[in-house]
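What follows is a short report on a single structure.
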Amino acid sequence: MLFDTTPRRRYGWILPLVAVIAVGVGLYLLLLSTAPSLPAISLFGMSDVDIEASLAEKPGARGDRLYIPQLAIDVPIGEEENALERGAWHRVPENGNPIKGGNFVLSAHRFVIGWTPQQTRNNSPFYRLDQLLPGNLIYVDYKSKRYTYRVDRLYPVPSTATEIEAPSNAAKLTLYSCDLRGESAGRLVVEAVPQR
């Protein structure tokens with residue numbers, strides 16, 4: 001017989017193809033899950049934000065924004081709940097803001113996977129929040145004016161800790177996000193004080 005038409009020979013290429021596809025998908029998922037922690041990789045369209053250029057702009061030129069140079073964070077601030085999908089959410093605005101003082105609370109996603117590495121990085125602005133150190137500076141453009149805060153402390157809290165959003169007599173900036181292991185593992189809180 002010239003041609004072997006048994007199913008094993010005719011379809012023997014399927015298993016190696018499935019294996020190659022599975023490895024490719026696995027590598028892509030690995031890239032997506034590590035994208036927020038990777039340095040800029042132009043091959044995948046990922047680039048770190050040029051914070052120097054952003055801070056050189058006139059305050060408020062791009063609306064209310066949060067800048068954290070050490071983490072290459074440059075995201076918009078919004079007061080509506082869906083602001084989390086674009087950047088940082090100004091939680092409980094009546095408890096504080098840079099103008100009136102009090103507890104100015106901003107929350108953002110720690111890790112949200114996207115379809116591309118760039119989407120994953122954009123969706124996860126607070127991924128490296130734990131890398132901030134006391135003394136690091138944070139900048140906020142709010143109502144066309146720039147405010148500077150100095151990181152005072154970082155600490156974990158349980159996910160039920162609502163006191164982090166409580167009103168405060170002293171002016172402060174509170175940043176928080178879920179633990180990388182998930183919301184049930186708690187939250188990471190960063191408190192910063194205004195620089196005059």
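Residue numbering restarts at 1 for every chain of the structure tokens, chains are lettered A, B, ... in their displayed order, and ligands are numbered from 1 as they appear.
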
**Request:** Write out as a ChimeraX atom specification each polymer residue whose atoms come within 6 Å of Gly78 in chain A, counting only C-alpha atoms; drop sequence neighbours fewer than 4 positions from it.
**Result:** /A:83,89-90

Find the residues around Lys145 in chain A up to 9 Å (only C-alpha atoms counted), leave out those fewer than 3 positions away in its own chain, and share them as an mmCIF file with N, CA and C atoms, in the first residue's frame.
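Output file part.cif is given in full below:
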data_model
loop_
_atom_site.group_PDB
_atom_site.id
_atom_site.type_symbol
_atom_site.label_atom_id
_atom_site.label_comp_id
_atom_site.auth_asym_id
_atom_site.auth_seq_id
_atom_site.Cartn_x
_atom_site.Cartn_y
_atom_site.Cartn_z
ATOM 1 N N LYS A 58 1.683 72.235 32.487
ATOM 2 C CA LYS A 58 0.944 73.119 33.385
ATOM 3 C C LYS A 58 0.023 72.265 34.253
ATOM 4 N N PRO A 59 -0.006 72.511 35.595
ATOM 5 C CA PRO A 59 -0.900 71.731 36.462
ATOM 6 C C PRO A 59 -2.345 71.782 35.965
ATOM 7 N N GLY A 60 -2.946 70.616 35.885
ATOM 8 C CA GLY A 60 -4.333 70.522 35.457
ATOM 9 C C GLY A 60 -4.525 70.495 33.957
ATOM 10 N N ASP A 64 -7.588 66.330 36.558
ATOM 11 C CA ASP A 64 -7.105 65.861 37.855
ATOM 12 C C ASP A 64 -6.315 64.575 37.640
ATOM 13 N N VAL A 140 -0.154 65.476 42.930
ATOM 14 C CA VAL A 140 -1.565 65.419 42.551
ATOM 15 C C VAL A 140 -1.933 66.734 41.883
ATOM 16 N N ASP A 141 -2.469 66.647 40.673
ATOM 17 C CA ASP A 141 -3.076 67.813 40.036
ATOM 18 C C ASP A 141 -4.559 67.757 40.382
ATOM 19 N N TYR A 142 -5.039 68.814 41.040
ATOM 20 C CA TYR A 142 -6.431 68.841 41.472
ATOM 21 C C TYR A 142 -6.973 70.239 41.255
#

**Message:** Give me, as a ChimeraX atom specification, all polymer residues having an atom no more than 12 Å from Ser184 in chain A, counting only C-alpha atoms and skipping those fewer than 4 positions away in the same chain.
**Reply:** /A:157-161,177-180,188

**Item:** Picked from range 27-138 of chain A by DSSP as strand (DSSP E or B), as an NGL selection string
**Value:** :A and (65-68 or 73-78 or 88-91 or 96-97 or 101-107 or 137-138)

Spatial neighbours of Val189 in chain A, max dist 9 Å, only C-alpha atoms, sep filter under 3 positions, as a short mmCIF file (atom, residue, chain, number, x, y, z; two decimals) with N, CA, C and O atoms, in the first residue's frame:
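Generated output (around.cif):
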data_model
loop_
_atom_site.label_atom_id
_atom_site.label_comp_id
_atom_site.auth_asym_id
_atom_site.auth_seq_id
_atom_site.Cartn_x
_atom_site.Cartn_y
_atom_site.Cartn_z
N LEU A 129 2.71 49.32 44.32
CA LEU A 129 2.50 50.27 45.41
C LEU A 129 3.36 49.94 46.62
O LEU A 129 3.83 50.83 47.33
N ASP A 130 3.62 48.65 46.86
CA ASP A 130 4.42 48.24 48.01
C ASP A 130 5.89 48.66 47.90
O ASP A 130 6.64 48.57 48.86
N ARG A 153 3.98 56.59 55.65
CA ARG A 153 4.04 55.18 56.06
C ARG A 153 3.21 54.30 55.14
O ARG A 153 2.29 54.76 54.47
N LEU A 154 3.56 53.02 55.14
CA LEU A 154 2.85 51.97 54.41
C LEU A 154 2.48 50.91 55.43
O LEU A 154 3.29 50.59 56.30
N TYR A 155 1.28 50.34 55.29
CA TYR A 155 0.89 49.29 56.22
C TYR A 155 -0.26 48.47 55.62
O TYR A 155 -1.06 48.98 54.84
N PRO A 156 -0.34 47.20 56.02
CA PRO A 156 -1.44 46.35 55.55
C PRO A 156 -2.64 46.47 56.50
O PRO A 156 -2.48 46.75 57.69
N VAL A 157 -3.82 46.28 55.94
CA VAL A 157 -5.05 46.24 56.75
C VAL A 157 -5.93 45.12 56.19
O VAL A 157 -5.80 44.74 55.03
N ILE A 164 -9.72 53.45 57.19
CA ILE A 164 -8.72 54.12 56.34
C ILE A 164 -9.35 55.25 55.52
O ILE A 164 -8.65 56.14 55.05
N THR A 174 -4.38 59.38 51.36
CA THR A 174 -4.41 57.94 51.63
C THR A 174 -4.61 57.22 50.30
O THR A 174 -5.60 57.45 49.61
N LEU A 175 -3.64 56.39 49.95
CA LEU A 175 -3.74 55.54 48.76
C LEU A 175 -3.95 54.12 49.26
O LEU A 175 -3.31 53.70 50.22
N TYR A 176 -4.84 53.37 48.59
CA TYR A 176 -4.94 51.97 48.96
C TYR A 176 -5.38 51.12 47.78
O TYR A 176 -5.97 51.60 46.82
N SER A 177 -5.04 49.83 47.91
CA SER A 177 -5.40 48.85 46.89
C SER A 177 -5.39 47.48 47.54
O SER A 177 -4.80 47.29 48.61
N CYS A 178 -6.01 46.54 46.88
CA CYS A 178 -6.05 45.17 47.38
C CYS A 178 -4.65 44.56 47.39
O CYS A 178 -3.78 44.95 46.61
#

**Request:** Grab the CA of Leu132 in chain A to CA of Glu191 in chain A distance for me, in Å with one decimal place.
**Result:**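 Taking CA of Leu132 in chain A and CA of Glu191 in chain A, their separation equals 10.6 Å.
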
**Request:** Would you mind telling me which residue in A:Pro167, A:Pro194, A:Pro117, A:Pro69 lies nearest to Asn136 in chain A when using only C-alpha atoms?
**Result:**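 Closest residue, counting only C-alpha atoms: A:Pro69.
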
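Note that the spacing between CA of Leu31 in chain A and CA of Gly182 in chain A amounts to 19.4 Å.
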
**Asked** If we count only C-alpha atoms, what is near Gln195 in chain A at a cut-off of 9 Å, once residues fewer than 2 positions away on the same chain are taken out, given as a VMD selection string?
**Response** chain A and resid 137 147 to 150 193

**Asked** Which one is closest to Arg110 in chain A: A:Glu183, A:Glu163, A:Glu57, A:Asp74? Count only C-alpha atoms.
**Response** A:Glu183

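Taking CA of Pro76 in chain A as the reference point, CA of Leu30 in chain A is found at 27.8 Å.
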
**Request:** Write out as an MDAnalysis selection string all residues of range 2-163 of chain A that backbone DSSP assigns to helix (DSSP H, G or I).
**Result:** chainID A and resid 7:10 14:37 42:44 51:56 69:71 81:85 93:95 117:123 129:131 162:163

Include C-alpha atoms and write out the residues we just selected as a CSV table (one decimal), in the first residue's frame.
chain,number,residue,atom,x,y,z
A,7,PRO,CA,-6.2,7.5,11.6
A,8,ARG,CA,-2.9,7.5,13.6
A,9,ARG,CA,-0.8,8.6,10.6
A,10,ARG,CA,-3.4,10.9,9.1
A,14,ILE,CA,-2.6,17.3,15.7
A,15,LEU,CA,-1.1,16.5,19.1
A,16,PRO,CA,2.2,18.3,18.4
A,17,LEU,CA,0.2,21.3,17.1
A,18,VAL,CA,-2.0,21.4,20.2
A,19,ALA,CA,1.1,21.2,22.3
A,20,VAL,CA,2.7,24.1,20.5
A,21,ILE,CA,-0.4,26.2,20.8
A,22,ALA,CA,-0.8,25.3,24.5
A,23,VAL,CA,2.8,26.4,25.2
A,24,GLY,CA,2.3,29.6,23.2
A,25,VAL,CA,-0.9,30.4,25.1
A,26,GLY,CA,0.9,29.6,28.4
A,27,LEU,CA,3.8,31.9,27.6
A,28,TYR,CA,1.5,34.7,26.6
A,29,LEU,CA,-0.5,34.4,29.8
A,30,LEU,CA,2.8,34.5,31.7
A,31,LEU,CA,3.7,37.7,29.9
A,32,LEU,CA,0.3,39.2,30.7
A,33,SER,CA,0.5,38.3,34.4
A,34,THR,CA,4.0,39.8,34.8
A,35,ALA,CA,3.5,42.8,32.5
A,36,PRO,CA,3.0,45.4,35.3
A,37,SER,CA,6.3,44.4,36.9
A,42,SER,CA,8.8,48.3,23.1
A,43,LEU,CA,8.4,45.0,21.2
A,44,PHE,CA,5.0,44.6,23.0
A,51,ILE,CA,6.7,61.4,34.5
A,52,GLU,CA,9.3,64.3,34.0
A,53,ALA,CA,7.4,65.4,30.9
A,54,SER,CA,4.0,65.1,32.6
A,55,LEU,CA,5.1,67.1,35.6
A,56,ALA,CA,6.6,69.8,33.3
A,69,PRO,CA,7.5,59.1,39.8
A,70,GLN,CA,9.1,56.2,41.5
A,71,LEU,CA,6.4,53.8,40.1
A,81,GLU,CA,-17.0,54.5,40.8
A,82,ASN,CA,-16.1,53.6,37.2
A,83,ALA,CA,-13.0,55.9,37.6
A,84,LEU,CA,-11.2,52.7,38.6
A,85,GLU,CA,-11.4,51.5,35.0
A,93,PRO,CA,-14.9,63.2,48.4
A,94,GLU,CA,-16.7,64.8,51.4
A,95,ASN,CA,-13.9,63.4,53.7
A,117,PRO,CA,0.5,43.5,28.1
A,118,GLN,CA,-0.2,47.2,27.7
A,119,GLN,CA,-3.8,46.8,28.8
A,120,THR,CA,-2.6,44.8,31.9
A,121,ARG,CA,-0.1,47.6,32.8
A,122,ASN,CA,-2.7,50.3,32.3
A,123,ASN,CA,-5.4,48.3,34.3
A,129,LEU,CA,2.5,50.3,45.4
A,130,ASP,CA,4.4,48.2,48.0
A,131,GLN,CA,7.7,49.6,46.5
A,162,THR,CA,-13.1,51.1,56.6
A,163,GLU,CA,-11.3,53.4,59.0
